[in-house]
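What follows is the content of entry.pdb (PDB, C-alpha atoms and all ligand atoms).
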```
ATOM      1  CA  MET A   5     -23.665  12.250   8.247
ATOM      2  CA  THR A   6     -19.960  11.892   7.475
ATOM      3  CA  VAL A   7     -17.391  13.117   9.976
ATOM      4  CA  SER A   8     -14.254  14.872   8.759
ATOM      5  CA  ALA A   9     -10.934  13.303   9.751
ATOM      6  CA  ALA A  10      -9.871  16.735  10.972
ATOM      7  CA  ALA A  11     -12.278  16.205  13.862
ATOM      8  CA  GLN A  12     -10.922  12.694  14.547
ATOM      9  CA  PRO A  13      -7.429  13.020  16.049
ATOM     10  CA  ASP A  14      -6.933   9.224  16.155
ATOM     11  CA  THR A  15      -7.585   8.821  12.462
ATOM     12  CA  LEU A  16      -4.601   8.631  10.132
ATOM     13  CA  LEU A  17      -6.570   8.373   6.899
ATOM     14  CA  SER A  18     -10.233   8.862   6.240
ATOM     15  CA  LEU A  19     -12.446   8.705   3.197
ATOM     16  CA  SER A  20     -15.756  10.528   3.569
ATOM     17  CA  GLY A  21     -18.551  10.006   1.065
ATOM     18  CA  ILE A  22     -16.242   9.116  -1.811
ATOM     19  CA  SER A  23     -18.040   8.660  -5.119
ATOM     20  CA  LEU A  24     -16.691   8.344  -8.626
ATOM     21  CA  ARG A  25     -18.641   8.389 -11.827
ATOM     22  CA  ILE A  26     -16.936   7.885 -15.186
ATOM     23  CA  ALA A  27     -18.770   8.028 -18.510
ATOM     24  CA  GLY A  28     -22.128   7.338 -16.864
ATOM     25  CA  LEU A  29     -20.757   4.405 -14.824
ATOM     26  CA  GLN A  30     -20.933   4.611 -11.037
ATOM     27  CA  ILE A  31     -17.555   3.146 -10.018
ATOM     28  CA  LEU A  32     -17.680   4.116  -6.300
ATOM     29  CA  SER A  33     -20.759   5.161  -4.307
ATOM     30  CA  ASP A  34     -20.511   7.125  -1.066
ATOM     31  CA  VAL A  35     -17.609   5.131   0.407
ATOM     32  CA  ASP A  36     -16.431   5.914   3.948
ATOM     33  CA  LEU A  37     -13.289   4.439   5.475
ATOM     34  CA  ARG A  38     -11.286   5.235   8.578
ATOM     35  CA  VAL A  39      -7.752   3.953   9.109
ATOM     36  CA  GLU A  40      -6.412   4.213  12.658
ATOM     37  CA  PRO A  41      -2.640   4.467  13.181
ATOM     38  CA  GLY A  42      -0.613   1.307  13.777
ATOM     39  CA  ARG A  43      -3.134  -1.053  12.200
ATOM     40  CA  ILE A  44      -3.166  -3.375   9.217
ATOM     41  CA  VAL A  45      -6.301  -2.561   7.242
ATOM     42  CA  SER A  46      -7.424  -4.504   4.168
ATOM     43  CA  LEU A  47      -9.703  -3.506   1.366
ATOM     44  CA  ILE A  48     -11.272  -6.546  -0.269
ATOM     45  CA  GLY A  49     -14.072  -7.343  -2.706
ATOM     46  CA  PRO A  50     -14.828  -9.324  -5.839
ATOM     47  CA  ASN A  51     -13.295  -8.375  -9.216
ATOM     48  CA  GLY A  52     -14.390  -4.933 -10.365
ATOM     49  CA  ALA A  53     -15.562  -3.904  -6.875
ATOM     50  CA  GLY A  54     -13.609  -0.633  -7.022
ATOM     51  CA  LYS A  55     -10.608  -1.439  -4.789
ATOM     52  CA  THR A  56      -7.898  -0.214  -7.173
ATOM     53  CA  THR A  57      -9.983   2.847  -7.957
ATOM     54  CA  ALA A  58     -10.178   3.626  -4.219
ATOM     55  CA  PHE A  59      -6.378   3.262  -4.004
ATOM     56  CA  ASN A  60      -5.982   5.563  -7.014
ATOM     57  CA  ILE A  61      -8.128   8.200  -5.319
ATOM     58  CA  ILE A  62      -6.297   7.897  -1.975
ATOM     59  CA  SER A  63      -2.879   8.217  -3.606
ATOM     60  CA  GLY A  64      -3.870  11.100  -5.896
ATOM     61  CA  TYR A  65      -3.945   9.265  -9.239
ATOM     62  CA  MET A  66      -7.687   9.881  -9.631
ATOM     63  CA  ARG A  67      -9.960  12.644  -8.392
ATOM     64  CA  PRO A  68     -13.324  11.659  -6.902
ATOM     65  CA  SER A  69     -16.555  13.136  -8.267
ATOM     66  CA  ALA A  70     -17.691  13.713  -4.664
ATOM     67  CA  GLY A  71     -16.377  13.281  -1.132
ATOM     68  CA  SER A  72     -13.042  13.951   0.520
ATOM     69  CA  VAL A  73      -9.841  12.227   1.589
ATOM     70  CA  HIS A  74      -8.080  13.376   4.755
ATOM     71  CA  PHE A  75      -4.607  12.306   5.813
ATOM     72  CA  LEU A  76      -3.180  13.418   9.167
ATOM     73  CA  GLY A  77      -6.082  15.818   9.487
ATOM     74  CA  GLN A  78      -5.302  17.479   6.157
ATOM     75  CA  ASP A  79      -7.640  17.489   3.182
ATOM     76  CA  ILE A  80      -5.609  15.801   0.424
ATOM     77  CA  THR A  81      -8.461  15.385  -2.069
ATOM     78  CA  GLY A  82      -7.166  16.131  -5.550
ATOM     79  CA  LYS A  83      -3.539  16.683  -4.490
ATOM     80  CA  GLN A  84      -0.826  15.346  -6.802
ATOM     81  CA  PRO A  85       0.647  11.884  -6.038
ATOM     82  CA  HIS A  86       4.091  13.340  -5.212
ATOM     83  CA  GLU A  87       2.584  15.869  -2.781
ATOM     84  CA  ILE A  88       0.695  13.056  -1.037
ATOM     85  CA  ALA A  89       3.840  10.887  -0.897
ATOM     86  CA  GLU A  90       5.754  13.787   0.674
ATOM     87  CA  LEU A  91       3.184  13.882   3.477
ATOM     88  CA  GLY A  92       3.995  10.224   4.247
ATOM     89  CA  LEU A  93       1.345   8.326   2.306
ATOM     90  CA  VAL A  94       3.403   6.049   0.074
ATOM     91  CA  ARG A  95       2.206   3.446  -2.407
ATOM     92  CA  SER A  96       4.211   0.365  -3.318
ATOM     93  CA  PHE A  97       3.465  -0.874  -6.812
ATOM     94  CA  GLN A  98       3.776  -4.503  -7.839
ATOM     95  CA  ARG A  99       6.806  -4.251 -10.079
ATOM     96  CA  THR A 100       7.433  -0.695 -11.195
ATOM     97  CA  ASN A 101      10.127   0.904  -9.102
ATOM     98  CA  ILE A 102      12.917  -1.695  -9.363
ATOM     99  CA  PHE A 103      15.977  -1.210 -11.615
ATOM    100  CA  GLY A 104      16.693  -4.735 -12.886
ATOM    101  CA  ASN A 105      20.222  -3.934 -14.074
ATOM    102  CA  CYS A 106      21.319  -2.624 -10.667
ATOM    103  CA  THR A 107      22.105  -4.710  -7.623
ATOM    104  CA  VAL A 108      19.716  -5.021  -4.720
ATOM    105  CA  PHE A 109      22.055  -2.821  -2.651
ATOM    106  CA  GLU A 110      22.183  -0.153  -5.386
ATOM    107  CA  ASN A 111      18.391  -0.153  -5.725
ATOM    108  CA  LEU A 112      17.943   0.531  -2.032
ATOM    109  CA  LEU A 113      20.797   3.049  -1.845
ATOM    110  CA  THR A 114      19.249   4.969  -4.769
ATOM    111  CA  ALA A 115      15.900   4.995  -2.984
ATOM    112  CA  PHE A 116      17.544   6.444   0.137
ATOM    113  CA  HIS A 117      19.395   9.009  -2.009
ATOM    114  CA  MET A 118      16.066  10.232  -3.390
ATOM    115  CA  GLN A 119      15.292  11.281   0.185
ATOM    116  CA  GLY A 120      18.815  12.702   0.771
ATOM    117  CA  ARG A 121      19.686  16.358   1.236
ATOM    118  CA  SER A 122      22.934  16.944  -0.709
ATOM    119  CA  GLY A 123      21.302  16.928  -4.142
ATOM    120  CA  LEU A 124      22.803  16.618  -7.610
ATOM    121  CA  PHE A 125      25.406  19.389  -7.130
ATOM    122  CA  GLY A 126      26.795  17.693  -4.026
ATOM    123  CA  ALA A 127      26.827  14.325  -5.767
ATOM    124  CA  ILE A 128      28.680  15.552  -8.878
ATOM    125  CA  PHE A 129      31.362  17.426  -6.937
ATOM    126  CA  ARG A 130      31.479  14.832  -4.153
ATOM    127  CA  LEU A 131      31.346  17.564  -1.511
ATOM    128  CA  PRO A 132      32.231  16.514   2.076
ATOM    129  CA  ALA A 133      28.572  16.799   3.092
ATOM    130  CA  PHE A 134      27.673  14.414   0.255
ATOM    131  CA  GLN A 135      30.367  11.928   1.307
ATOM    132  CA  ARG A 136      29.169  11.970   4.932
ATOM    133  CA  GLU A 137      25.608  11.498   3.788
ATOM    134  CA  GLU A 138      26.664   8.663   1.452
ATOM    135  CA  GLN A 139      28.173   6.767   4.414
ATOM    136  CA  ALA A 140      25.039   7.278   6.505
ATOM    137  CA  LEU A 141      22.813   6.135   3.648
ATOM    138  CA  LYS A 142      24.945   3.027   3.075
ATOM    139  CA  THR A 143      24.501   2.152   6.736
ATOM    140  CA  ARG A 144      20.739   2.585   6.419
ATOM    141  CA  THR A 145      20.764   0.489   3.231
ATOM    142  CA  ARG A 146      22.480  -2.362   5.094
ATOM    143  CA  GLU A 147      19.937  -2.053   7.919
ATOM    144  CA  MET A 148      17.102  -2.198   5.401
ATOM    145  CA  LEU A 149      18.619  -5.314   3.777
ATOM    146  CA  GLY A 150      18.581  -6.933   7.227
ATOM    147  CA  PHE A 151      14.986  -5.858   7.829
ATOM    148  CA  LEU A 152      13.919  -7.364   4.492
ATOM    149  CA  GLU A 153      16.054 -10.485   5.158
ATOM    150  CA  LEU A 154      17.740  -9.934   1.801
ATOM    151  CA  GLU A 155      21.365  -9.493   2.999
ATOM    152  CA  HIS A 156      22.463 -12.594   1.069
ATOM    153  CA  ARG A 157      21.136 -10.993  -2.157
ATOM    154  CA  ALA A 158      22.782  -7.572  -1.677
ATOM    155  CA  ASP A 159      25.209  -7.908  -4.615
ATOM    156  CA  ASP A 160      22.871  -9.722  -7.007
ATOM    157  CA  LEU A 161      21.154  -7.932  -9.870
ATOM    158  CA  ALA A 162      17.551  -7.156  -8.977
ATOM    159  CA  ALA A 163      16.461  -8.790 -12.262
ATOM    160  CA  ASN A 164      17.782 -12.118 -10.932
ATOM    161  CA  LEU A 165      15.639 -12.072  -7.774
ATOM    162  CA  SER A 166      12.651 -14.380  -7.459
ATOM    163  CA  TYR A 167       9.184 -12.837  -7.667
ATOM    164  CA  GLY A 168       8.874 -12.964  -3.897
ATOM    165  CA  GLU A 169      12.260 -11.297  -3.346
ATOM    166  CA  GLN A 170      11.396  -8.568  -5.871
ATOM    167  CA  ARG A 171       8.194  -7.877  -3.961
ATOM    168  CA  LEU A 172      10.201  -7.524  -0.722
ATOM    169  CA  LEU A 173      12.654  -5.187  -2.449
ATOM    170  CA  GLY A 174       9.753  -3.095  -3.795
ATOM    171  CA  VAL A 175       8.506  -2.598  -0.260
ATOM    172  CA  GLY A 176      12.039  -1.748   0.914
ATOM    173  CA  ILE A 177      12.196   0.979  -1.748
ATOM    174  CA  ALA A 178       8.840   2.347  -0.570
ATOM    175  CA  LEU A 179      10.008   2.232   3.062
ATOM    176  CA  ALA A 180      13.058   4.359   2.200
ATOM    177  CA  ALA A 181      10.587   7.235   1.744
ATOM    178  CA  ARG A 182       9.755   6.909   5.475
ATOM    179  CA  PRO A 183       5.996   6.428   5.067
ATOM    180  CA  LYS A 184       3.506   6.849   7.878
ATOM    181  CA  LEU A 185       0.977   4.912   5.818
ATOM    182  CA  LEU A 186       2.024   2.288   3.279
ATOM    183  CA  LEU A 187      -0.414   1.258   0.549
ATOM    184  CA  LEU A 188       0.183  -2.243  -0.830
ATOM    185  CA  ASP A 189      -1.635  -3.154  -4.037
ATOM    186  CA  GLU A 190      -2.130  -6.930  -4.390
ATOM    187  CA  PRO A 191       1.350  -7.738  -3.024
ATOM    188  CA  ALA A 192       0.762 -11.507  -2.973
ATOM    189  CA  ALA A 193      -0.325 -11.732  -6.636
ATOM    190  CA  GLY A 194       1.793 -14.358  -8.403
ATOM    191  CA  LEU A 195       3.623 -15.460  -5.247
ATOM    192  CA  ASN A 196       3.797 -19.103  -4.156
ATOM    193  CA  PRO A 197       2.635 -20.020  -0.615
ATOM    194  CA  SER A 198       6.093 -19.818   0.948
ATOM    195  CA  GLU A 199       6.816 -16.442  -0.696
ATOM    196  CA  THR A 200       3.411 -15.221   0.484
ATOM    197  CA  GLU A 201       4.279 -16.317   4.024
ATOM    198  CA  ASP A 202       7.627 -14.463   3.873
ATOM    199  CA  PHE A 203       5.841 -11.376   2.587
ATOM    200  CA  LYS A 204       3.253 -11.605   5.331
ATOM    201  CA  GLN A 205       5.954 -11.799   8.003
ATOM    202  CA  MET A 206       7.585  -8.731   6.526
ATOM    203  CA  VAL A 207       4.281  -6.806   6.541
ATOM    204  CA  ARG A 208       3.966  -7.670  10.233
ATOM    205  CA  ARG A 209       7.482  -6.373  10.898
ATOM    206  CA  VAL A 210       6.631  -3.141   9.057
ATOM    207  CA  ALA A 211       3.470  -2.712  11.134
ATOM    208  CA  ASP A 212       5.389  -3.493  14.351
ATOM    209  CA  SER A 213       7.831  -0.721  13.438
ATOM    210  CA  GLY A 214       4.917   1.745  13.692
ATOM    211  CA  ILE A 215       3.971   2.090  10.020
ATOM    212  CA  THR A 216       0.270   1.728   9.251
ATOM    213  CA  ILE A 217      -0.635  -0.581   6.355
ATOM    214  CA  LEU A 218      -3.526  -0.394   3.897
ATOM    215  CA  LEU A 219      -3.714  -3.462   1.714
ATOM    216  CA  VAL A 220      -5.698  -4.481  -1.369
ATOM    217  CA  GLU A 221      -5.390  -8.241  -1.678
ATOM    218  CA  HIS A 222      -7.193 -11.237  -3.187
ATOM    219  CA  ASP A 223      -5.369 -13.885  -1.122
ATOM    220  CA  MET A 224      -7.966 -14.431   1.595
ATOM    221  CA  HIS A 225      -5.677 -16.544   3.783
ATOM    222  CA  MET A 226      -3.284 -13.627   3.933
ATOM    223  CA  VAL A 227      -6.011 -11.038   4.478
ATOM    224  CA  MET A 228      -7.773 -12.977   7.221
ATOM    225  CA  SER A 229      -4.595 -13.846   9.105
ATOM    226  CA  ILE A 230      -2.942 -10.439   8.989
ATOM    227  CA  SER A 231      -5.668  -7.767   9.116
ATOM    228  CA  ASP A 232      -6.850  -5.880  12.176
ATOM    229  CA  TYR A 233      -9.717  -4.405  10.206
ATOM    230  CA  ILE A 234     -11.271  -5.167   6.821
ATOM    231  CA  MET A 235     -13.560  -3.198   4.557
ATOM    232  CA  VAL A 236     -15.479  -5.030   1.838
ATOM    233  CA  LEU A 237     -16.530  -3.329  -1.374
ATOM    234  CA  ASN A 238     -18.970  -4.764  -3.882
ATOM    235  CA  GLN A 239     -19.908  -2.948  -7.086
ATOM    236  CA  GLY A 240     -18.572   0.303  -5.679
ATOM    237  CA  HIS A 241     -20.507   0.106  -2.396
ATOM    238  CA  ARG A 242     -19.169  -0.639   1.058
ATOM    239  CA  ILE A 243     -21.078  -3.757   2.107
ATOM    240  CA  ALA A 244     -19.284  -4.617   5.359
ATOM    241  CA  ASP A 245     -16.450  -3.694   7.670
ATOM    242  CA  GLY A 246     -15.007  -5.138  10.849
ATOM    243  CA  GLY A 247     -12.524  -7.711  12.115
ATOM    244  CA  PRO A 248     -11.686 -10.902  10.147
ATOM    245  CA  ALA A 249     -14.160 -13.082  12.091
ATOM    246  CA  ASP A 250     -17.047 -10.641  11.506
ATOM    247  CA  ILE A 251     -16.257 -10.395   7.815
ATOM    248  CA  GLN A 252     -16.000 -14.155   7.248
ATOM    249  CA  ASN A 253     -19.417 -14.651   8.822
ATOM    250  CA  ASP A 254     -21.180 -11.693   7.215
ATOM    251  CA  PRO A 255     -24.021 -13.022   5.024
ATOM    252  CA  GLU A 256     -23.766 -10.163   2.527
ATOM    253  CA  VAL A 257     -20.029 -10.717   2.108
ATOM    254  CA  ILE A 258     -20.549 -14.447   1.610
ATOM    255  CA  ARG A 259     -23.226 -13.697  -1.012
ATOM    256  CA  ALA A 260     -20.938 -11.220  -2.813
ATOM    257  CA  TYR A 261     -18.161 -13.771  -3.045
ATOM    258  CA  LEU A 262     -20.522 -16.663  -3.824
ATOM    259  CA  GLY A 263     -18.412 -18.973  -1.725
ATOM    260  CA  SER A 264     -15.180 -18.442  -3.646
ATOM    261  CA  GLY A 265     -11.870 -17.527  -1.979
ATOM    262  CA  LEU A 266     -13.520 -16.399   1.239
ATOM    263  CA  GLN A 267     -14.893 -19.870   1.932
ATOM    264  CA  ARG A 268     -11.571 -21.528   1.160
ATOM    265  CA  ALA A 269      -9.865 -19.173   3.634
ATOM    266  CA  LYS A 270     -12.226 -20.392   6.362
ATOM    267  CA  ALA A 271     -11.501 -24.048   5.617
TER     268      ALA A 271
HETATM  269  N1  LIG A 301     -10.819   4.848 -16.008
HETATM  270  C1  LIG A 301     -11.889   4.050 -16.037
HETATM  271  N2  LIG A 301     -12.843   4.203 -16.973
HETATM  272  C2  LIG A 301     -13.946   3.411 -16.994
HETATM  273  N3  LIG A 301     -14.165   2.417 -16.132
HETATM  274  C3  LIG A 301     -13.245   2.216 -15.177
HETATM  275  C4  LIG A 301     -12.058   3.003 -15.062
HETATM  276  N4  LIG A 301     -11.331   2.552 -14.012
HETATM  277  C5  LIG A 301     -12.031   1.520 -13.499
HETATM  278  N5  LIG A 301     -13.159   1.317 -14.197
HETATM  279  C6  LIG A 301     -14.190   0.288 -13.906
HETATM  280  O1  LIG A 301     -14.509   0.434 -12.530
HETATM  281  C7  LIG A 301     -14.774  -0.813 -11.936
HETATM  282  C8  LIG A 301     -13.892  -1.010 -10.725
HETATM  283  O2  LIG A 301     -12.551  -1.225 -11.153
HETATM  284  P1  LIG A 301     -11.346  -1.495 -10.143
HETATM  285  O3  LIG A 301     -10.128  -1.789 -10.955
HETATM  286  O4  LIG A 301     -11.250  -0.383  -9.167
HETATM  287  O5  LIG A 301     -11.856  -2.807  -9.392
HETATM  288  P2  LIG A 301     -11.029  -3.782  -8.438
HETATM  289  O6  LIG A 301     -11.918  -4.008  -7.265
HETATM  290  O7  LIG A 301      -9.675  -3.257  -8.168
HETATM  291  O8  LIG A 301     -10.976  -5.089  -9.321
HETATM  292  P3  LIG A 301      -9.852  -6.248  -9.431
HETATM  293  O9  LIG A 301      -9.944  -7.000  -8.154
HETATM  294  O10 LIG A 301     -10.328  -7.047 -10.588
HETATM  295  O11 LIG A 301      -8.529  -5.591  -9.632
HETATM  296  C9  LIG A 301     -14.572  -1.876 -13.009
HETATM  297  O12 LIG A 301     -15.824  -2.203 -13.560
HETATM  298  C10 LIG A 301     -13.711  -1.150 -14.028
HETATM  299  O13 LIG A 301     -13.943  -1.654 -15.332
END
```

Let me see the structure of the file written as structure tokens.
Amino acid sequence: MTVSAAAQPDTLLSLSGISLRIAGLQILSDVDLRVEPGRIVSLIGPNGAGKTTAFNIISGYMRPSAGSVHFLGQDITGKQPHEIAELGLVRSFQRTNIFGNCTVFENLLTAFHMQGRSGLFGAIFRLPAFQREEQALKTRTREMLGFLELEHRADDLAANLSYGEQRLLGVGIALAARPKLLLLDEPAAGLNPSETEDFKQMVRRVADSGITILLVEHDMHMVMSISDYIMVLNQGHRIADGGPADIQNDPEVIRAYLGSGLQRAKA
């Protein structure tokens, strides 16, 4: 029996019996997941396991064939991505939302403006309310630069940032939307070890600030060292869930990975 998140006050996000079938292929089969507030939760599994598909369903980009998604006690199954983002469930993509020809400061300020109240009319006519808001948003932009440890890059074009710095900026842009739950899709892909470490530290700071994190990631060192809770998918089925130590020692998980990255993470 699956329990609705509405009946679970401590649950921020829950997936109940999620299945997806496309063109005769069973992509996800009866997947349950519960994300408690304030935690770092990772979704892992071999290639093709269904992790990105699960993210697409959670964030409204795909509709499941069966099952439901609840966020903050509300059924969000089948809602549009922007409606879900407005509720506080925000997804940070690997490289989409950055304007390369704008500075780092401008990128963040624009992201804060998207959440602002004065609107286009206020901006065009530079109404007093807009000017007050602009000052407040600039202050928040500077604070965010400090949080991301990117102050020294404030006036550089985003296109000139390293991969690792662009990834940090992408998260900063997502954070401007004031998420309650932040979805990170393979954030360490393409990063070198020191960039991965910087990113990991930043994820910790985000979690410490009270924002819950749901992560899809292949870098097992990162997953095992940062996660409070891990769910493992294989061929669309949940095969295990628990803390990092449980997962690393789970025979079915070891079989699914055939001793690949998971074993190296234990070394
Ligand atoms: N729109 C679609 N139509 C048909 N098949 C799809 C579609 N989307 C995903 N799939 C298939 O579903 C399976 C799961 O894909 P998904 O991208 O969710 O896996 P993943 O765990 O994120 O893999 P990876 O780690 O390689 O990114 C794969 O076999 C994929 O080919």

Would you list the contacts of Gln119 of chain A as a tab-separated table (two decimals) with C-alpha atoms, in the coordinates of the input, taking every protein, DNA or RNA residue within 8 Å and counting only C-alpha atoms, but skipping same-chain residues closer than 3 positions in sequence?
```tsv
chain	number	residue	atom	x	y	z
A	115	ALA	CA	15.90	5.00	-2.98
A	116	PHE	CA	17.54	6.44	0.14
A	180	ALA	CA	13.06	4.36	2.20
A	181	ALA	CA	10.59	7.24	1.74
```

Open item on the list: Give me the residues near segment 53-60 of chain A as a list in words, where near means some atom within 7 Å (using all atoms listed in the file) and where sequence neighbours in that chain fewer than 4 positions away do not count.
Closed with: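 Neighbouring residues, sequence-local ones excluded: Ile31, Leu32, Leu47, Ile48, Gly49, Gly64, Tyr65, Met66, Val220, Leu237, Asn238, Gln239 and Gly240 of chain A.
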
- [ ] Using only C-alpha atoms and all ligand atoms, find the one residue out of A:His74, A:Arg25, A:Lys142, A:Arg208 that sits nearest to ligand LIG 301 (chain A).
- [x] A:Arg25

Open item on the list: Just to confirm, what's the straight-line distance from atom C8 of ligand LIG 301 (chain A) to atom CA of Met228 of chain A in Å (one decimal)?
Closed with: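 Rounded to one decimal, the two atoms are 22.4 Å apart.
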
For segment 23-67 of chain A versus segment 230-235 of chain A, which residues have an atom no more than 10 Å away, and what is each residue's nearest atom pair and distance in Å rounded to one decimal, using only C-alpha atoms, chain-then-number order, as JSON lines?
```
{"residue": "A:Asp36", "atom": "CA", "partner": "A:Met235", "partner_atom": "CA", "distance": 9.6}
{"residue": "A:Leu37", "atom": "CA", "partner": "A:Met235", "partner_atom": "CA", "distance": 7.7}
{"residue": "A:Arg38", "atom": "CA", "partner": "A:Met235", "partner_atom": "CA", "distance": 9.6}
{"residue": "A:Val39", "atom": "CA", "partner": "A:Tyr233", "partner_atom": "CA", "distance": 8.7}
{"residue": "A:Glu40", "atom": "CA", "partner": "A:Tyr233", "partner_atom": "CA", "distance": 9.6}
{"residue": "A:Gly42", "atom": "CA", "partner": "A:Asp232", "partner_atom": "CA", "distance": 9.6}
{"residue": "A:Arg43", "atom": "CA", "partner": "A:Asp232", "partner_atom": "CA", "distance": 6.1}
{"residue": "A:Ile44", "atom": "CA", "partner": "A:Ser231", "partner_atom": "CA", "distance": 5.1}
{"residue": "A:Val45", "atom": "CA", "partner": "A:Tyr233", "partner_atom": "CA", "distance": 4.9}
{"residue": "A:Ser46", "atom": "CA", "partner": "A:Ile234", "partner_atom": "CA", "distance": 4.7}
{"residue": "A:Leu47", "atom": "CA", "partner": "A:Met235", "partner_atom": "CA", "distance": 5.0}
{"residue": "A:Ile48", "atom": "CA", "partner": "A:Met235", "partner_atom": "CA", "distance": 6.3}
{"residue": "A:Gly49", "atom": "CA", "partner": "A:Met235", "partner_atom": "CA", "distance": 8.4}
{"residue": "A:Lys55", "atom": "CA", "partner": "A:Met235", "partner_atom": "CA", "distance": 10.0}
```

TODO: Rank A:Val94, A:Ala193, A:Ile102, A:Ile215 by their smallest atom-to-atom distance to ligand LIG 301 (chain A), using only C-alpha atoms and all ligand atoms, and report the top residue only.
DONE: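 Among the listed residues, the smallest separation from ligand LIG 301 (chain A) belongs to A:Ala193.
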
Open item on the list: So, with only C-alpha atoms and all ligand atoms as the atoms that count, which of A:Glu137, A:Glu169, A:Asp189, A:Glu199 lies closest to ligand LIG 301 (chain A)?
Closed with: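 Closest to ligand LIG 301 (chain A) of all the choices is A:Asp189.
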
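The residue that comes closest to ligand LIG 301 (chain A), out of A:Glu190, A:Glu201, A:Asp245, A:Glu153 and on the basis of all atoms listed in the file, is A:Glu190.
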
Open item on the list: So the first atom is atom CA of Gly92 of chain A and the second is atom CA of Pro68 of chain A; what is the distance between them in Å, to one decimal place?
Closed with: 20.6 Å

Could you pull segment 191-209 of chain A out of the block above and save it with N, CA and C atoms, as a short mmCIF file (atom, residue, chain, number, x, y, z; two decimals), in the first residue's frame?
```cif
data_model
loop_
_atom_site.label_atom_id
_atom_site.label_comp_id
_atom_site.auth_asym_id
_atom_site.auth_seq_id
_atom_site.Cartn_x
_atom_site.Cartn_y
_atom_site.Cartn_z
N PRO A 191 25.22 17.40 -11.44
CA PRO A 191 25.98 18.66 -11.36
C PRO A 191 27.49 18.48 -11.48
N ALA A 192 28.00 17.28 -11.16
CA ALA A 192 29.47 17.12 -11.21
C ALA A 192 29.96 16.64 -12.57
N ALA A 193 29.04 16.42 -13.53
CA ALA A 193 29.46 15.91 -14.85
C ALA A 193 30.43 16.89 -15.50
N GLY A 194 31.58 16.40 -15.90
CA GLY A 194 32.57 17.23 -16.60
C GLY A 194 33.44 18.07 -15.69
N LEU A 195 33.24 17.99 -14.37
CA LEU A 195 34.06 18.79 -13.46
C LEU A 195 35.30 18.00 -13.03
N ASN A 196 36.42 18.74 -12.81
CA ASN A 196 37.61 18.04 -12.29
C ASN A 196 37.45 17.86 -10.78
N PRO A 197 38.33 17.07 -10.14
CA PRO A 197 38.14 16.77 -8.71
C PRO A 197 38.06 18.02 -7.83
N SER A 198 38.87 19.05 -8.12
CA SER A 198 38.82 20.20 -7.22
C SER A 198 37.53 21.01 -7.44
N GLU A 199 37.06 21.07 -8.70
CA GLU A 199 35.77 21.74 -8.96
C GLU A 199 34.63 20.96 -8.30
N THR A 200 34.73 19.63 -8.35
CA THR A 200 33.69 18.80 -7.73
C THR A 200 33.65 19.06 -6.23
N GLU A 201 34.84 19.18 -5.62
CA GLU A 201 34.92 19.44 -4.19
C GLU A 201 34.28 20.80 -3.85
N ASP A 202 34.61 21.83 -4.67
CA ASP A 202 34.00 23.15 -4.45
C ASP A 202 32.48 23.07 -4.56
N PHE A 203 32.02 22.31 -5.56
CA PHE A 203 30.58 22.20 -5.76
C PHE A 203 29.93 21.50 -4.57
N LYS A 204 30.60 20.47 -4.10
CA LYS A 204 30.08 19.71 -2.96
C LYS A 204 29.95 20.61 -1.72
N GLN A 205 30.98 21.42 -1.50
CA GLN A 205 30.93 22.34 -0.34
C GLN A 205 29.74 23.28 -0.47
N MET A 206 29.52 23.74 -1.72
CA MET A 206 28.42 24.67 -1.92
C MET A 206 27.07 23.98 -1.68
N VAL A 207 26.94 22.72 -2.12
CA VAL A 207 25.70 21.98 -1.88
C VAL A 207 25.45 21.86 -0.38
N ARG A 208 26.53 21.63 0.37
CA ARG A 208 26.39 21.55 1.84
C ARG A 208 25.89 22.87 2.41
N ARG A 209 26.47 23.98 1.89
CA ARG A 209 26.04 25.30 2.40
C ARG A 209 24.56 25.52 2.08
#
```
